[in-house]
Structure formats: C-alpha cells, structure tokens
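> My structure is stored as structure23.txt, with compact mmCIF, C-alpha atoms.
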```
# COMPACT_ATOMS: atom_id res chain seq x y z
CA MET A 1 42.02 54.68 11.96
CA SER A 2 44.10 54.06 8.88
CA VAL A 3 42.53 53.57 5.53
CA VAL A 4 44.17 51.17 3.13
CA GLN A 5 43.54 52.00 -0.49
CA THR A 6 43.39 49.00 -2.74
CA GLN A 7 42.97 48.58 -6.47
CA PRO A 8 40.67 46.06 -8.05
CA ALA A 9 42.36 42.94 -9.31
CA ALA A 10 41.16 43.60 -12.83
CA ILE A 11 42.96 46.93 -12.90
CA LYS A 12 46.13 45.46 -11.46
CA SER A 13 46.24 42.82 -14.16
CA LEU A 14 46.06 45.30 -17.05
CA PRO A 15 49.31 45.60 -19.03
CA PRO A 16 50.97 48.97 -19.20
CA SER A 17 49.51 51.07 -21.96
CA ARG A 18 51.50 51.63 -25.13
CA PRO A 19 51.64 54.95 -26.88
CA ALA A 20 49.36 55.05 -29.90
CA ARG A 21 51.12 55.04 -33.23
CA ARG A 22 49.30 57.98 -34.63
CA ASN A 23 52.12 60.46 -34.96
CA GLY A 24 54.24 58.57 -37.48
CA ARG A 25 55.37 60.33 -40.63
CA TRP A 26 53.23 58.15 -42.93
CA ALA A 27 50.28 57.60 -40.60
CA GLY A 28 48.17 60.30 -42.22
CA TYR A 29 49.02 59.09 -45.70
CA THR A 30 48.11 55.51 -44.79
CA HIS A 31 44.73 56.47 -43.34
CA LEU A 32 43.93 58.63 -46.35
CA LEU A 33 44.85 55.82 -48.73
CA ILE A 34 42.66 53.33 -46.86
CA ALA A 35 39.79 55.82 -46.82
CA ARG A 36 40.11 56.39 -50.55
CA MET A 37 39.98 52.66 -51.28
CA LEU A 38 36.88 52.30 -49.09
CA GLU A 39 35.21 55.12 -51.02
CA LEU A 40 35.68 53.18 -54.26
CA LYS A 41 33.44 50.43 -52.88
CA ARG A 42 30.56 52.90 -53.04
CA GLU A 43 31.15 53.57 -56.75
CA PRO A 44 30.13 50.39 -58.61
CA GLU A 45 30.33 52.17 -61.96
CA VAL A 46 34.10 52.34 -61.47
CA VAL A 47 34.26 48.56 -61.77
CA PHE A 48 32.77 48.69 -65.27
CA TRP A 49 34.68 51.66 -66.67
CA VAL A 50 38.03 50.64 -65.19
CA PHE A 51 37.85 46.87 -65.63
CA GLY A 52 34.91 45.91 -67.86
CA PHE A 53 35.04 48.51 -70.62
CA PRO A 54 38.65 47.79 -71.74
CA LEU A 55 37.87 44.06 -71.92
CA LEU A 56 34.77 44.66 -74.06
CA LEU A 57 36.73 47.03 -76.30
CA ALA A 58 39.55 44.50 -76.73
CA LEU A 59 37.02 41.74 -77.42
CA GLY A 60 35.17 43.70 -80.07
CA LEU A 61 38.25 44.95 -81.92
CA GLY A 62 40.01 41.61 -81.53
CA ILE A 63 37.12 39.73 -83.12
CA ALA A 64 36.90 42.29 -85.92
CA PHE A 65 40.58 42.03 -86.86
CA ARG A 66 41.59 38.56 -85.67
CA ASN A 67 42.05 35.81 -88.28
CA LYS A 68 40.10 37.79 -90.84
CA PRO A 69 40.41 35.89 -94.11
CA ALA A 70 41.73 37.90 -97.00
CA PRO A 71 39.15 38.41 -99.73
CA SER A 72 39.69 36.43 -102.90
CA ALA A 73 39.78 39.66 -104.88
CA SER A 74 38.59 43.24 -104.63
CA PRO A 75 35.18 44.29 -106.03
CA VAL A 76 35.71 45.61 -109.55
CA ALA A 77 33.43 47.54 -111.93
CA ILE A 78 33.72 47.35 -115.71
CA VAL A 79 32.21 50.21 -117.67
CA ALA A 80 29.61 48.83 -120.08
CA GLY A 81 30.71 48.63 -123.71
CA PRO A 82 31.26 46.31 -126.63
CA GLN A 83 34.27 44.62 -125.03
CA ALA A 84 32.96 44.52 -121.44
CA GLN A 85 31.92 40.88 -121.62
CA ASN A 86 35.29 39.94 -123.08
CA ALA A 87 37.12 41.76 -120.26
CA GLU A 88 35.02 39.98 -117.63
CA ALA A 89 35.74 36.62 -119.26
CA MET A 90 39.49 37.37 -119.20
CA LEU A 91 39.32 38.16 -115.48
CA ARG A 92 37.28 35.02 -114.75
CA ARG A 93 40.11 32.89 -116.15
CA SER A 94 42.15 33.80 -113.10
CA THR A 95 41.46 31.72 -110.01
CA LEU A 96 41.62 34.94 -107.99
CA PHE A 97 38.60 36.42 -109.78
CA ALA A 98 36.72 33.20 -110.47
CA SER A 99 34.16 33.86 -107.72
CA SER A 100 34.76 37.53 -106.90
CA SER A 101 32.45 40.48 -107.45
CA ILE A 102 32.78 41.84 -111.00
CA SER A 103 30.02 44.19 -112.15
CA ILE A 104 29.33 45.58 -115.61
CA VAL A 105 27.66 48.96 -115.14
CA ASP A 106 27.36 52.25 -116.99
CA ALA A 107 29.97 54.97 -116.54
CA ASN A 108 28.02 57.08 -114.03
CA ALA A 109 27.18 54.11 -111.81
CA ALA A 110 30.79 52.97 -111.92
CA LYS A 111 32.14 56.39 -110.92
CA ASN A 112 29.58 56.85 -108.14
CA GLY A 113 30.20 53.36 -106.81
CA PHE A 114 33.95 53.98 -106.84
CA ARG A 115 33.49 57.33 -105.07
CA LEU A 116 31.38 55.73 -102.33
CA GLY A 117 33.75 52.79 -101.84
CA LYS A 118 31.51 50.14 -103.40
CA TYR A 119 34.19 49.33 -105.98
CA ASP A 120 37.93 49.35 -105.44
CA LEU A 121 38.72 49.69 -109.13
CA VAL A 122 36.95 50.79 -112.31
CA ILE A 123 38.03 49.39 -115.67
CA GLU A 124 37.29 51.55 -118.69
CA LEU A 125 37.73 50.11 -122.17
CA GLY A 126 39.71 52.33 -124.49
CA GLU A 127 41.08 52.02 -127.97
CA GLY A 128 43.52 49.17 -127.93
CA GLY A 129 43.65 48.67 -124.16
CA PHE A 130 42.23 49.13 -120.67
CA GLN A 131 42.21 52.18 -118.43
CA TYR A 132 42.27 51.72 -114.63
CA ARG A 133 40.62 54.21 -112.32
CA TYR A 134 42.00 53.74 -108.80
CA ASP A 135 42.69 55.78 -105.65
CA PRO A 136 46.37 55.84 -104.54
CA ALA A 137 45.26 56.83 -101.02
CA ARG A 138 43.34 53.55 -100.60
CA PRO A 139 45.54 50.46 -100.14
CA GLU A 140 42.75 48.16 -101.32
CA SER A 141 42.45 50.17 -104.52
CA ILE A 142 46.18 49.86 -105.21
CA LEU A 143 45.97 46.11 -104.55
CA ALA A 144 42.98 45.77 -106.89
CA ARG A 145 44.86 47.52 -109.70
CA SER A 146 47.80 45.14 -109.31
CA GLN A 147 45.58 42.04 -109.18
CA VAL A 148 43.47 43.03 -112.18
CA ASP A 149 46.47 43.95 -114.28
CA ASP A 150 48.19 40.64 -113.53
CA ALA A 151 45.02 38.70 -114.38
CA LEU A 152 44.42 40.53 -117.66
CA GLN A 153 48.05 40.32 -118.76
CA ALA A 154 48.12 36.58 -118.00
CA ALA A 155 44.86 36.07 -119.92
CA ALA A 156 46.35 37.97 -122.87
CA GLY A 157 49.23 35.50 -123.06
CA ARG A 158 51.96 36.94 -120.83
CA LYS A 159 54.28 34.30 -119.41
CA ASP A 160 56.00 34.66 -116.05
CA ALA A 161 59.77 34.49 -116.43
CA VAL A 162 60.35 33.07 -112.94
CA ALA A 163 58.22 30.57 -111.06
CA THR A 164 57.27 31.79 -107.59
CA THR A 165 55.37 30.44 -104.62
CA SER A 166 53.83 32.16 -101.60
CA VAL A 167 53.57 31.01 -97.99
CA THR A 168 51.17 32.75 -95.60
CA SER A 169 52.31 33.40 -92.04
CA SER A 170 50.42 34.97 -89.12
CA GLU A 171 52.47 34.76 -85.93
CA PRO A 172 51.50 36.23 -82.56
CA GLY A 173 53.23 39.57 -82.22
CA SER A 174 52.53 40.87 -85.71
CA ARG A 175 48.72 40.87 -85.51
CA TYR A 176 46.57 43.88 -84.84
CA ILE A 177 45.37 42.50 -81.52
CA ASP A 178 48.99 42.26 -80.34
CA PHE A 179 49.45 45.92 -81.21
CA LEU A 180 46.11 46.86 -79.65
CA ILE A 181 46.37 45.30 -76.16
CA PRO A 182 49.37 47.39 -74.96
CA GLY A 183 47.74 50.50 -76.42
CA LEU A 184 44.54 49.77 -74.51
CA LEU A 185 46.60 49.27 -71.36
CA GLY A 186 48.20 52.68 -71.75
CA MET A 187 44.92 54.38 -72.60
CA ASN A 188 43.16 52.80 -69.64
CA LEU A 189 45.92 53.84 -67.25
CA MET A 190 45.66 57.40 -68.57
CA ASN A 191 41.87 57.49 -68.32
CA SER A 192 41.67 55.96 -64.85
CA GLY A 193 44.56 58.07 -63.56
CA MET A 194 43.23 61.41 -64.76
CA TRP A 195 39.52 60.83 -64.25
CA GLY A 196 39.92 58.80 -61.07
CA VAL A 197 42.07 61.48 -59.44
CA GLY A 198 40.99 64.74 -61.08
CA PHE A 199 37.27 64.06 -61.05
CA ALA A 200 37.33 62.75 -57.47
CA LEU A 201 39.24 65.80 -56.24
CA VAL A 202 36.85 68.31 -57.78
CA ASP A 203 33.88 66.29 -56.58
CA MET A 204 35.17 66.51 -53.00
CA ARG A 205 35.80 70.22 -53.41
CA GLN A 206 32.32 70.81 -54.79
CA ARG A 207 30.70 68.88 -51.92
CA LYS A 208 32.73 70.94 -49.40
CA LEU A 209 34.55 67.84 -48.16
CA LEU A 210 37.99 69.36 -48.63
CA LYS A 211 37.19 72.04 -46.06
CA ARG A 212 36.97 69.35 -43.41
CA PHE A 213 40.50 68.20 -44.19
CA VAL A 214 41.88 71.69 -43.60
CA GLY A 215 41.16 71.46 -39.87
CA THR A 216 42.98 68.14 -39.47
CA PRO A 217 46.69 67.65 -38.74
CA MET A 218 47.36 66.48 -42.25
CA ARG A 219 49.93 67.49 -44.82
CA ARG A 220 48.81 68.63 -48.22
CA GLY A 221 51.40 66.40 -49.87
CA ASP A 222 50.12 63.32 -48.03
CA PHE A 223 46.58 64.01 -49.20
CA LEU A 224 47.54 64.42 -52.85
CA LEU A 225 49.93 61.47 -52.74
CA ALA A 226 47.21 59.24 -51.28
CA LEU A 227 44.90 60.14 -54.16
CA MET A 228 47.60 59.20 -56.66
CA SER A 229 48.61 56.01 -54.87
CA SER A 230 45.07 54.69 -54.80
CA ARG A 231 45.40 54.17 -58.54
CA LEU A 232 48.33 51.79 -58.02
CA ILE A 233 46.15 49.15 -56.40
CA LEU A 234 43.62 49.37 -59.21
CA MET A 235 46.48 49.36 -61.72
CA VAL A 236 47.54 45.85 -60.72
CA ILE A 237 44.04 44.55 -61.44
CA GLU A 238 43.70 46.55 -64.66
CA VAL A 239 46.97 45.36 -66.19
CA GLY A 240 46.57 41.80 -64.99
CA LEU A 241 43.01 41.37 -66.29
CA LEU A 242 43.72 42.78 -69.74
CA LEU A 243 46.92 40.79 -70.22
CA ILE A 244 45.32 37.54 -69.05
CA PHE A 245 42.38 38.22 -71.35
CA GLY A 246 44.72 38.76 -74.30
CA VAL A 247 46.66 35.57 -73.55
CA PHE A 248 43.66 33.27 -73.18
CA ALA A 249 41.25 34.85 -75.68
CA PHE A 250 43.70 35.70 -78.48
CA HIS A 251 46.79 33.57 -77.67
CA MET A 252 48.90 36.66 -77.17
CA ARG A 253 52.56 36.13 -76.24
CA VAL A 254 53.95 38.10 -73.31
CA LEU A 255 57.74 38.08 -73.60
CA GLY A 256 58.53 40.66 -70.90
CA SER A 257 58.83 39.92 -67.20
CA VAL A 258 55.94 40.52 -64.83
CA PHE A 259 58.12 42.88 -62.79
CA SER A 260 58.96 45.13 -65.75
CA ILE A 261 55.33 45.29 -66.92
CA ALA A 262 54.11 46.05 -63.39
CA LEU A 263 56.77 48.73 -62.97
CA LEU A 264 55.77 50.38 -66.24
CA GLY A 265 52.11 50.23 -65.24
CA GLY A 266 52.85 51.73 -61.83
CA LEU A 267 54.96 54.53 -63.29
CA GLY A 268 52.31 55.30 -65.89
CA SER A 269 49.56 55.29 -63.28
CA LEU A 270 51.48 57.69 -61.03
CA CYS A 271 52.36 59.91 -63.98
CA PHE A 272 48.79 60.36 -65.15
CA GLY A 273 47.56 60.59 -61.57
CA ALA A 274 49.88 63.58 -61.15
CA VAL A 275 48.64 65.13 -64.39
CA GLY A 276 45.08 64.60 -63.13
CA LEU A 277 45.97 66.37 -59.88
CA LEU A 278 47.37 69.29 -61.84
CA THR A 279 44.26 69.70 -63.98
CA ALA A 280 42.04 69.59 -60.88
CA SER A 281 44.23 71.64 -58.54
CA ARG A 282 42.10 74.78 -58.93
CA ALA A 283 38.95 73.65 -60.74
CA ARG A 284 35.77 74.17 -58.71
CA LYS A 285 33.12 72.56 -60.90
CA ILE A 286 32.75 69.16 -62.53
CA GLU A 287 32.15 70.83 -65.89
CA SER A 288 35.44 72.73 -65.62
CA VAL A 289 37.59 69.74 -64.78
CA SER A 290 35.84 67.61 -67.41
CA GLY A 291 36.78 70.12 -70.08
CA LEU A 292 40.37 70.38 -68.86
CA ILE A 293 40.85 66.61 -68.71
CA ASN A 294 39.42 66.12 -72.19
CA LEU A 295 41.62 68.96 -73.48
CA VAL A 296 44.72 67.22 -72.08
CA MET A 297 43.79 63.71 -73.19
CA MET A 298 42.46 64.45 -76.68
CA PRO A 299 45.89 64.97 -78.33
CA MET A 300 47.16 61.74 -76.79
CA TRP A 301 44.11 59.78 -77.96
CA ILE A 302 44.87 60.92 -81.51
CA PHE A 303 48.67 61.02 -81.70
CA SER A 304 49.99 58.50 -79.17
CA GLY A 305 49.37 55.31 -81.12
CA VAL A 306 46.56 53.64 -79.20
CA PHE A 307 44.62 52.20 -82.16
CA PHE A 308 47.09 52.84 -85.00
CA SER A 309 50.78 53.65 -85.32
CA TYR A 310 51.77 57.29 -84.84
CA GLU A 311 54.41 56.82 -87.56
CA ARG A 312 51.64 57.65 -90.06
CA PHE A 313 51.93 61.31 -89.06
CA PRO A 314 54.47 63.65 -90.75
CA ALA A 315 58.10 63.43 -89.67
CA VAL A 316 58.05 67.01 -88.38
CA LEU A 317 55.53 65.97 -85.69
CA GLN A 318 57.40 62.88 -84.52
CA PRO A 319 59.54 64.60 -81.81
CA LEU A 320 56.45 66.24 -80.31
CA ILE A 321 54.49 62.99 -80.42
CA LYS A 322 57.28 61.05 -78.71
CA ALA A 323 57.40 63.68 -75.96
CA LEU A 324 53.81 62.90 -74.93
CA PRO A 325 53.54 60.69 -71.83
CA LEU A 326 51.04 58.26 -73.38
CA THR A 327 53.33 57.73 -76.38
CA ALA A 328 56.23 56.88 -74.08
CA LEU A 329 54.04 54.53 -72.03
CA ASN A 330 52.58 52.75 -75.08
CA ASP A 331 55.99 52.32 -76.68
CA ALA A 332 57.46 51.00 -73.43
CA LEU A 333 54.59 48.56 -72.89
CA ARG A 334 54.79 47.24 -76.46
CA ALA A 335 58.55 46.85 -76.28
CA SER A 336 58.34 45.02 -72.96
CA ILE A 337 55.30 42.83 -73.71
CA LEU A 338 55.94 41.96 -77.37
CA GLU A 339 59.74 42.07 -77.55
CA GLY A 340 60.90 41.51 -73.98
CA THR A 341 63.05 44.66 -74.04
CA PRO A 342 64.72 45.30 -70.65
CA LEU A 343 63.80 48.48 -68.81
CA LEU A 344 67.42 49.63 -68.90
CA HIS A 345 67.15 49.97 -72.68
CA GLN A 346 64.03 52.10 -72.33
CA TRP A 347 65.49 54.78 -70.10
CA SER A 348 64.41 57.61 -72.43
CA ARG A 349 60.75 56.57 -72.22
CA LEU A 350 60.95 56.18 -68.46
CA LEU A 351 62.53 59.63 -68.28
CA VAL A 352 59.63 61.15 -70.21
CA LEU A 353 57.12 59.58 -67.81
CA GLY A 354 59.14 60.65 -64.79
CA ILE A 355 59.44 64.26 -65.95
CA TRP A 356 55.73 64.56 -66.73
CA GLY A 357 54.74 62.99 -63.42
CA GLY A 358 57.28 64.83 -61.26
CA VAL A 359 56.71 68.29 -62.73
CA SER A 360 52.92 67.84 -62.64
CA PHE A 361 52.95 66.77 -58.98
CA VAL A 362 55.20 69.66 -57.91
CA LEU A 363 53.00 72.18 -59.72
CA ALA A 364 49.84 70.60 -58.32
CA LEU A 365 51.28 70.76 -54.81
CA LYS A 366 52.08 74.44 -55.32
CA TRP A 367 48.81 75.51 -56.93
CA PHE A 368 46.39 73.27 -55.06
CA ARG A 369 43.67 74.96 -53.03
CA TRP A 370 41.11 73.47 -50.68
CA THR A 371 38.18 75.64 -51.71
```
How does the structure come out when it is put into structure tokens?

Amino acid sequence: MSVVQTQPAAIKSLPPSRPARRNGRWAGYTHLLIARMLELKREPEVVFWVFGFPLLLALGLGIAFRNKPAPSASPVAIVAGPQAQNAEAMLRRSTLFASSSISIVDANAAKNGFRLGKYDLVIELGEGGFQYRYDPARPESILARSQVDDALQAAAGRKDAVATTSVTSSEPGSRYIDFLIPGLLGMNLMNSGMWGVGFALVDMRQRKLLKRFVGTPMRRGDFLLALMSSRLILMVIEVGLLLIFGVFAFHMRVLGSVFSIALLGGLGSLCFGAVGLLTASRARKIESVSGLINLVMMPMWIFSGVFFSYERFPAVLQPLIKALPLTALNDALRASILEGTPLLHQWSRLLVLGIWGGVSFVLALKWFRWT
C-alpha cells in the first residue's frame, strides 16, 4: 500500500522565505542608534536641559539687554563745600542732568560710594576749578566724566563752534541678543554633545551594561559612532527651537541658509560628541568623567566668546583662543546667521572643527575599553 504524503494548503500557499537583512554593514549601527534614541525617552530631564534651559537663558538675557533705554545721565557725587550748590546748579542747566541723580555728600561718603559703584563720578571743588575722580576701567565712569565736563563748560559760557545733531539707530544684528543667540547655540551643542555622550557612556560602564555588548557581533566603531550620531537628531531640534525663538521673540534676522546652519550644527555636534567620547573612553565613575568634562569645557566657556567677545583678551592669546573648537563654531554660526557668509569662506573654522572631531574620535576608538 502506497502512502501519499501531502502538505497542508496553508503551507503550500506561503511565499518563499527571504533572508533576513541582519548582516548588513550598517545594521548594527542602525539598531544601536534606534536603541539610543529610545533610551532618551526614559530621561525626561534631558528635555529641559537640552531644549528648555537655553530658551530660558536666552529669554532672561534678552529681556535684560533688549531695548534698554540709555540713562539720562550717570549718577554723580559732588563733595560738599562752599561752591557745591553752585556746581549742582550749573549741571542742572543741562537737559541731560535736569532730572538725573546728583548728590552733595562729604568726601568720605563720596569716595566710598564711588568705590562701591554707587557713583560713576566724583566732583571735587578746588581752587579755581573742578577736579574729576573717575575710573578709566569703567566705561560708564569715562562717559560720566565727558558728560559732566561738557555740561559745566557749557554752563560757564563755552560756545560750540560747529552745530551737530545725533540720530539713534538700533538695527537687528548689532544688538546683544543677536550676538548672544549664536553663542548659546554653540554652547548648547558643546554641552549636549559632551555630557550626552560622555556621561551616558560612563553610566553604561558603571552599570555593567557595556559588558553585555562585548558578547554581541558588534563593532566598537559602530557603537561609538551610534552614540555620537544620536546627538544629530537632537541637534536639529535644538538649533531650530532657539533660532525660531530668537526670530519671533526678539525679531532676530537670520541671513544664512538653513542648509549652512544645519551643516554647522551637525559638524559641531559630531565634534563635541567625539570629544565627549574621548573624555569618557577610560573613565569608570561618574565623578571622574564629570571632572574631566568640566576641565575640558571650562576654558571654552571663558575664552570662546559665548557671552562676550573674546577680542577683549590680550593679542598673545588670540591664536590659542581661535584654535578652540567652540570658538570656531561660535564664529562660524555668527558669520552664517548674522552675515550670511558662505561655508566656503569659512573653511578654516570648519577645518578646526574637523580636526578636533576626527582626532578625538580616532583616539577614543583606540583607547576605549568596555570595563
């Protein structure tokens, strides 16, 4: 008796199986990148520090320095004496000092008030004239000396030889908020790149999670590159939110193209992500990597022109300051956003970012350890 073997109809209708696409060159990198982005969902504090904190910082500083009316005149102290009332009356004749703060105090109170910044200028009455006590290191003190001298000379009968007029102008691009927004962008990219990568790496090492990756068919380079690339997705949101906030809240003008700004943000994010990898390549404790990251970032916070221009520092330090990655990123962002400078004309700044990022990633790949 012959036995006929048959297959169920459901099995016959199945399509031929396709080989799983798990052995591609970038398959491991892709899965690691997706896993890293899913991990960020469990860290709600990241949303505030990466997105909310820069907006609050820009709002506070922007309100403090935006459209701040110039004072009618600086606070002035007149040392008490026989001619003090006469000197005050001469100053009051000027429209600039008609309603400003002029105090007649004794010599000790005037000197102490000037030392503590209560007065910008102290007028002492001498024989046949006035003596000005001012601080050349304080711009407001220099301005007060000029204003007071003009008012007293005019009250004494001096005539201006040439008639002059003044026109005030405050255009977007020259304000402090216009200088600040690109600096905050660069600082935020540095902070999120170094802390987001370096801190996360040491945290995984401390929780023994990296040991589990050792037993998987994964390349070390793919793992480190996935950590760096995860910052690119957040970078798009970071840059976009801060720029949109600056445009709508402070009427900031963005002259550069979206592509050039995004490219600069991506390059800066990868650069500082690589530096973060390097600082965390061998650190085993959170305290260790925190100290290393702060040690690396502190000079750039001070010298790289985030809140004020680095041109205030001595000329001998300028080459070293311009070699810092945050300086190159801030200068490139300001040139692109405020002036619309093409990326081709900023090749030296891009080169600085590329060298820092490339060298840091190669060294991190060489020195990285799982445990």
> Give me the residues within 9 Å of Ser94 in chain A as an MDAnalysis selection string, counting all atoms listed in the file and dropping any in the same chain fewer than 6 places off.
chainID A and resid 151:152 154:155
> Would you write out those residues with C-alpha atoms, as a PDB file, in the frame of the given file?

```pdb
ATOM      1  CA  ALA A 151      45.020  38.700-114.380  1.00  0.00           C
ATOM      2  CA  LEU A 152      44.420  40.530-117.660  1.00  0.00           C
ATOM      3  CA  ALA A 154      48.120  36.580-118.000  1.00  0.00           C
ATOM      4  CA  ALA A 155      44.860  36.070-119.920  1.00  0.00           C
TER       5      ALA A 155
END
```
> Counting all atoms listed in the file, which of A:Gly81, A:Gly62, A:Gly268, A:Gly246 gets nearest to Asn330 in chain A?
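Comparing A:Gly81, A:Gly62, A:Gly268, A:Gly246 against Asn330 in chain A, the winner is A:Gly268.
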> Which residues, written as a list in words, have at least one atom at most 10 Å from Leu33 in chain A, with all atoms listed in the file counted and residues fewer than 2 positions away on the same chain left out?
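Here the qualifying residues turn out to be Ala27, Gly28, Tyr29, Thr30, His31, Ala35, Arg36, Met37, Leu38, Glu39, Asp222, Phe223, Leu224, Leu225, Ala226, Leu227, Met228, Ser229, Ser230 and Arg231 of chain A.
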> Got time to write the residues from that selection, C-alpha atoms, as a short mmCIF file (atom, residue, chain, number, x, y, z; two decimals), in the frame of the given file?

```
data_model
loop_
_atom_site.label_atom_id
_atom_site.label_comp_id
_atom_site.auth_asym_id
_atom_site.auth_seq_id
_atom_site.Cartn_x
_atom_site.Cartn_y
_atom_site.Cartn_z
CA ALA A 27 50.28 57.60 -40.60
CA GLY A 28 48.17 60.30 -42.22
CA TYR A 29 49.02 59.09 -45.70
CA THR A 30 48.11 55.51 -44.79
CA HIS A 31 44.73 56.47 -43.34
CA ALA A 35 39.79 55.82 -46.82
CA ARG A 36 40.11 56.39 -50.55
CA MET A 37 39.98 52.66 -51.28
CA LEU A 38 36.88 52.30 -49.09
CA GLU A 39 35.21 55.12 -51.02
CA ASP A 222 50.12 63.32 -48.03
CA PHE A 223 46.58 64.01 -49.20
CA LEU A 224 47.54 64.42 -52.85
CA LEU A 225 49.93 61.47 -52.74
CA ALA A 226 47.21 59.24 -51.28
CA LEU A 227 44.90 60.14 -54.16
CA MET A 228 47.60 59.20 -56.66
CA SER A 229 48.61 56.01 -54.87
CA SER A 230 45.07 54.69 -54.80
CA ARG A 231 45.40 54.17 -58.54
#
```
> Measuring between only C-alpha atoms, which one of A:Ile233, A:Ser103, A:Thr341, A:Ala156 shows the shortest distance to Ile34 in chain A?
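The closest residue to Ile34 in chain A is A:Ile233.
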> Give me, please, the distance in Å between CA of Leu243 in chain A and CA of Leu350 in chain A, quoted to one decimal.
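Spanning CA of Leu243 in chain A to CA of Leu350 in chain A is a straight-line distance of 20.9 Å.
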> Fewer than 2 positions away in the same chain doesn't count, so skip those; otherwise give me all residues within 12 Å of Phe130 in chain A, counting all atoms listed in the file, as a list in words.
Ile78, Val79, Gly81, Gln83, Ala84, Asn86, Ala87, Val122, Ile123, Glu124, Leu125, Gly126, Glu127, Gly128, Tyr132, Arg133, Arg145, Val148, Asp149, Leu152 and Gln153 of chain A
> Between CA of Tyr134 in chain A and CA of Leu121 in chain A, what is the distance in Å, rounded to a tenth?
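Between CA of Tyr134 in chain A and CA of Leu121 in chain A the gap is 5.2 Å.
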> Hey, can you check how far CA of Pro314 in chain A sits from CA of Met297 in chain A?
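We find that CA of Pro314 in chain A and CA of Met297 in chain A lie 20.6 Å from each other.
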> Give the answer as one residue: which of A:Met190, A:Met252, A:Ile244, A:Ala137 has the shortest atom-to-atom distance to Thr327 in chain A, using only C-alpha atoms?
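Comparing A:Met190, A:Met252, A:Ile244, A:Ala137 against Thr327 in chain A, the winner is A:Met190.
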